[in-house]
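File shown: upload33.cif. Contents: mmCIF, C-alpha atoms.
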data_model
#
loop_
_atom_site.label_atom_id
_atom_site.label_comp_id
_atom_site.auth_asym_id
_atom_site.auth_seq_id
_atom_site.Cartn_x
_atom_site.Cartn_y
_atom_site.Cartn_z
CA MET A 109 -13.66 49.16 4.13
CA ILE A 110 -9.99 49.55 4.91
CA GLY A 111 -7.47 50.34 2.22
CA HIS A 112 -8.51 51.23 -1.30
CA ALA A 113 -11.53 53.32 -2.04
CA GLU A 114 -12.08 56.02 -4.57
CA GLY A 115 -10.37 59.09 -3.15
CA ALA A 116 -9.42 57.34 0.11
CA GLU A 117 -5.99 56.57 1.49
CA SER A 118 -4.85 53.71 3.67
CA THR A 119 -5.49 54.41 7.35
CA VAL A 120 -3.78 51.50 9.11
CA ASP A 121 -0.16 50.95 10.11
CA GLY A 122 -0.06 47.21 10.60
CA ALA A 123 -1.89 44.12 9.45
CA VAL A 124 -5.54 43.83 8.48
CA CYS A 125 -7.40 40.53 7.96
CA ALA A 126 -7.86 39.99 4.24
CA TRP A 127 -11.22 38.33 4.79
CA CYS A 128 -13.04 40.20 7.56
CA GLY A 129 -11.04 43.47 7.59
CA ALA A 130 -10.31 43.30 11.34
CA LEU A 131 -7.11 44.86 12.63
CA ILE A 132 -4.66 42.04 13.40
CA ARG A 133 -1.88 44.21 14.79
CA GLY A 134 -0.78 47.83 14.64
CA THR A 135 -2.49 51.17 14.90
CA ALA A 136 -4.80 53.32 12.84
CA THR A 137 -2.30 56.11 12.23
CA GLY A 138 0.01 55.22 9.34
CA ARG A 139 -0.09 54.25 5.70
CA GLU A 140 1.54 50.79 5.58
CA ILE A 141 -0.81 47.82 5.31
CA SER A 142 -0.28 44.11 5.05
CA HIS A 143 -3.16 41.69 4.67
CA GLY A 144 -3.05 38.53 6.72
CA MET A 145 -5.69 36.31 8.23
CA CYS A 146 -6.91 36.87 11.78
CA ALA A 147 -7.27 34.12 14.39
CA ARG A 148 -11.06 34.09 14.00
CA CYS A 149 -10.91 33.52 10.24
CA MET A 150 -8.02 31.03 10.40
CA GLY A 151 -8.95 29.42 13.73
CA ASP A 152 -11.66 27.13 12.44
CA GLU A 153 -9.08 25.30 10.34
CA GLY A 154 -6.53 25.08 13.16
CA PHE A 155 -4.07 27.50 11.59
CA LEU A 156 -2.45 30.35 13.47
CA PRO A 157 -3.02 33.92 12.31
CA LEU A 158 -0.56 34.97 9.62
CA GLU A 159 0.95 38.26 8.56
CA SER A 160 0.18 38.02 4.85
CA VAL A 161 -2.46 36.10 2.93
CA HIS A 162 0.15 35.88 0.18
CA ASP A 163 2.17 33.54 2.45
CA LEU A 164 -0.48 30.79 2.53
CA GLY A 165 0.84 27.44 1.35
CA SER A 166 -1.14 25.17 -0.97
CA ASP A 167 -2.41 22.94 1.88
CA GLU A 168 -3.59 25.99 3.85
CA VAL A 169 -5.24 27.49 0.77
CA ASP A 170 -7.15 24.28 0.04
CA ALA A 171 -8.28 24.00 3.70
CA LEU A 172 -9.87 27.46 3.75
CA PRO A 173 -13.66 27.45 4.13
CA PHE A 174 -13.98 29.88 1.19
CA GLY A 175 -12.64 30.23 -2.33
CA LEU A 176 -9.28 31.82 -3.09
CA LEU A 177 -7.74 32.97 -6.35
CA ARG A 178 -4.43 34.80 -6.72
CA LEU A 179 -3.97 36.93 -9.84
CA ASP A 180 -0.85 38.60 -11.15
CA ASP A 181 -1.07 42.25 -12.23
CA HIS A 182 -2.28 41.21 -15.70
CA GLY A 183 -5.16 39.12 -14.33
CA THR A 184 -3.53 35.72 -14.91
CA VAL A 185 -4.56 33.13 -12.31
CA GLN A 186 -1.52 32.05 -10.28
CA GLN A 187 -3.28 30.18 -7.45
CA TYR A 188 -6.72 28.58 -7.22
CA ASN A 189 -8.00 26.60 -4.26
CA TYR A 190 -10.18 23.51 -3.95
CA PRO A 191 -13.28 25.23 -2.46
CA GLU A 192 -13.35 27.62 -5.44
CA SER A 193 -12.98 24.70 -7.84
CA VAL A 194 -16.00 23.01 -6.23
CA ARG A 195 -18.05 26.26 -6.31
CA SER A 196 -17.26 27.08 -9.93
CA GLY A 197 -17.17 23.55 -11.31
CA LEU A 198 -13.83 24.35 -12.97
CA ALA A 199 -10.75 22.21 -12.35
CA ALA A 200 -7.47 23.93 -11.54
CA SER A 201 -6.11 22.77 -14.91
CA GLU A 202 -8.82 24.86 -16.62
CA VAL A 203 -8.00 28.00 -14.61
CA LEU A 204 -4.30 28.23 -13.71
CA GLY A 205 -2.24 30.29 -16.15
CA ARG A 206 -5.31 31.77 -17.85
CA ASN A 207 -6.64 35.32 -17.73
CA PHE A 208 -9.39 35.43 -15.12
CA PHE A 209 -11.37 38.27 -16.70
CA GLN A 210 -11.23 37.05 -20.30
CA ASP A 211 -10.89 33.26 -20.23
CA VAL A 212 -12.12 32.01 -16.85
CA ALA A 213 -14.96 34.30 -15.74
CA PRO A 214 -15.88 36.75 -18.51
CA CYS A 215 -18.83 37.99 -16.42
CA THR A 216 -16.24 39.70 -14.16
CA GLY A 217 -14.99 41.94 -16.97
CA VAL A 218 -17.17 44.79 -15.72
CA ARG A 219 -16.33 48.01 -13.88
CA GLU A 220 -17.68 46.66 -10.58
CA PHE A 221 -15.13 43.82 -10.62
CA ARG A 222 -12.34 44.25 -13.17
CA GLY A 223 -12.42 48.01 -12.68
CA ARG A 224 -11.68 47.59 -8.96
CA PHE A 225 -8.84 45.20 -9.77
CA GLU A 226 -7.31 47.57 -12.33
CA ARG A 227 -7.54 50.57 -9.94
CA MET A 228 -5.76 48.60 -7.21
CA VAL A 229 -2.98 47.54 -9.55
CA ALA A 230 -2.61 51.08 -10.98
CA ASP A 231 -2.55 52.69 -7.50
CA GLY A 232 0.40 50.47 -6.56
CA VAL A 233 -0.30 50.45 -2.81
CA PRO A 234 -1.58 47.70 -0.51
CA ALA A 235 -5.37 47.75 -0.63
CA ARG A 236 -8.48 45.79 0.33
CA GLU A 237 -12.08 46.04 -0.87
CA ASP A 238 -15.05 43.83 -0.18
CA PHE A 239 -18.24 43.69 -2.22
CA ASP A 240 -21.01 41.41 -3.43
CA PHE A 241 -21.11 40.11 -6.99
CA ILE A 242 -23.24 37.80 -9.14
CA PHE A 243 -21.28 35.09 -10.95
CA ARG A 244 -22.97 33.82 -14.09
CA PHE A 245 -22.26 30.06 -14.18
CA LYS A 246 -23.57 27.59 -16.77
CA THR A 247 -25.58 26.03 -13.93
CA GLY A 248 -27.11 29.38 -12.94
CA ASP A 249 -26.34 32.63 -11.16
CA LEU A 250 -24.60 32.67 -7.80
CA ILE A 251 -24.43 35.66 -5.44
CA VAL A 252 -21.08 35.78 -3.64
CA HIS A 253 -19.26 38.04 -1.21
CA LEU A 254 -15.71 38.93 -2.25
CA ALA A 255 -12.69 40.38 -0.52
CA MET A 256 -10.09 41.62 -3.00
CA VAL A 257 -6.63 42.21 -1.54
CA HIS A 258 -3.79 43.77 -3.53
CA SER A 259 -0.16 43.76 -2.48
CA PRO A 260 2.35 45.35 -4.88
CA GLY A 261 4.82 42.73 -6.02
CA ASP A 262 2.68 39.84 -4.73
CA GLY A 263 -0.42 40.27 -6.88
CA THR A 264 -4.08 40.30 -5.93
CA VAL A 265 -5.85 37.69 -3.86
CA ILE A 266 -9.61 37.29 -4.26
CA LEU A 267 -11.49 35.52 -1.46
CA VAL A 268 -14.95 34.22 -2.35
CA GLU A 269 -17.87 33.07 -0.19
CA ASP A 270 -21.45 32.20 -1.17
CA ARG A 271 -23.99 34.67 0.20
CA GLY A 272 -26.46 31.86 0.79
CA GLU A 273 -29.34 33.91 -0.58
#

Can the structure from this file be put into structure tokens for me?
Amino acid sequence: MIGHAEGAESTVDGAVCAWCGALIRGTATGREISHGMCARCMGDEGFLPLESVHDLGSDEVDALPFGLLRLDDHGTVQQYNYPESVRSGLAASEVLGRNFFQDVAPCTGVREFRGRFERMVADGVPAREDFDFIFRFKTGDLIVHLAMVHSPGDGTVILVEDRGE
């Protein structure tokens, strides 16, 4: 894990892939981090690597092979892509502008998920964590892998992929 961890400080001066955590550019000596998407993660869709995942346009977000949600610092959903809509069975109109932890996915209101989000926001520094989580959908439970990326001033992006288990 690069970025946020309990008691850990950022260890990269440059850009780190928001999804896989690979170093995109820079060195492992400073404290500044941006979270982009590396060529490997973006390449399958024909996009070039980018400096910040927060710069993805709506067409790029919908073309990603995994789910993406962008939350403001209060947990309100600001961006929600098509793959996540398909996975969750929720239309964008049911999600955008609503609190993710209370209104959209109450099962995420636990320390393992919401607690991570709140620590990132409170710390106020660029951070990335990845972890597995079980979403409790009406149609059944789904194990997913998540990458949560926080950038002060830009909010938190959550990338979601089925574990296939």

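Reported to one decimal place, the separation of CA of Ala235 (chain A) from CA of Thr216 (chain A) is 19.1 Å.
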
Q | Top pick for closest residue to Arg236 (chain A), considering A:Leu204, A:Cys146, A:Ala213, A:Cys125 and counting only C-alpha atoms | A | A:Cys125

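Picture a line from CA of Phe225 (chain A) to CA of Arg271 (chain A); it runs 21.0 Å.
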
Q: Would you translate the PyMOL selection byres ((chain A and resi 242) around 9) into the concrete set of residues it matches in this file, as JSON, numbers by chain?
A: {"A": [215, 216, 240, 241, 243, 244, 249, 250, 251, 252, 253]}

Q.
Can you pull out the residues contacting Pro191 (chain A)? Cut-off 9 Å, using all atoms listed in the file, and skip same-chain residues under 2 positions away; I want them as an NGL selection string.
A. :A and (169-176 or 188-189 or 193-196)

Now that the selection is made, can you save its residues with C-alpha atoms as a compact mmCIF listing (two decimals), keeping the file's coordinate frame?
# COMPACT_ATOMS: atom_id res chain seq x y z
CA VAL A 169 -5.24 27.49 0.77
CA ASP A 170 -7.15 24.28 0.04
CA ALA A 171 -8.28 24.00 3.70
CA LEU A 172 -9.87 27.46 3.75
CA PRO A 173 -13.66 27.45 4.13
CA PHE A 174 -13.98 29.88 1.19
CA GLY A 175 -12.64 30.23 -2.33
CA LEU A 176 -9.28 31.82 -3.09
CA TYR A 188 -6.72 28.58 -7.22
CA ASN A 189 -8.00 26.60 -4.26
CA SER A 193 -12.98 24.70 -7.84
CA VAL A 194 -16.00 23.01 -6.23
CA ARG A 195 -18.05 26.26 -6.31
CA SER A 196 -17.26 27.08 -9.93

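Here CA of Val203 (chain A) is placed at a distance of 11.5 Å from CA of Gly183 (chain A).
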
Q: Kindly indicate which residue among A:Gly232, A:Lys246, A:Ala126, A:Arg178 lies nearest to Gly197 (chain A), using only C-alpha atoms for the distances.
A: A:Lys246

Q | Given the PyMOL selection byres ((chain A and resi 184) around 9), the residues it picks as a ChimeraX atom specification | A | /A:178-183,185-186,203-209

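Nearest-residue note for Val212 (chain A): choosing from A:Leu198, A:Arg224, A:Phe239, A:Cys128, the minimum distance belongs to A:Leu198, counting only C-alpha atoms.
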
Q.
Would you pick out the contacts of Val233 (chain A) at 7 Å or less, using only C-alpha atoms, so that residues sharing its chain but fewer than 2 positions from it are not included, and give the list as a list in words?
A. Asp231, Ala235, Ser259 and Pro260 of chain A

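If all atoms listed in the file are the atoms counted, then among A:Val218, A:Asp167, A:Gly129, A:Ser201 the closest residue to Glu237 (chain A) is A:Gly129.
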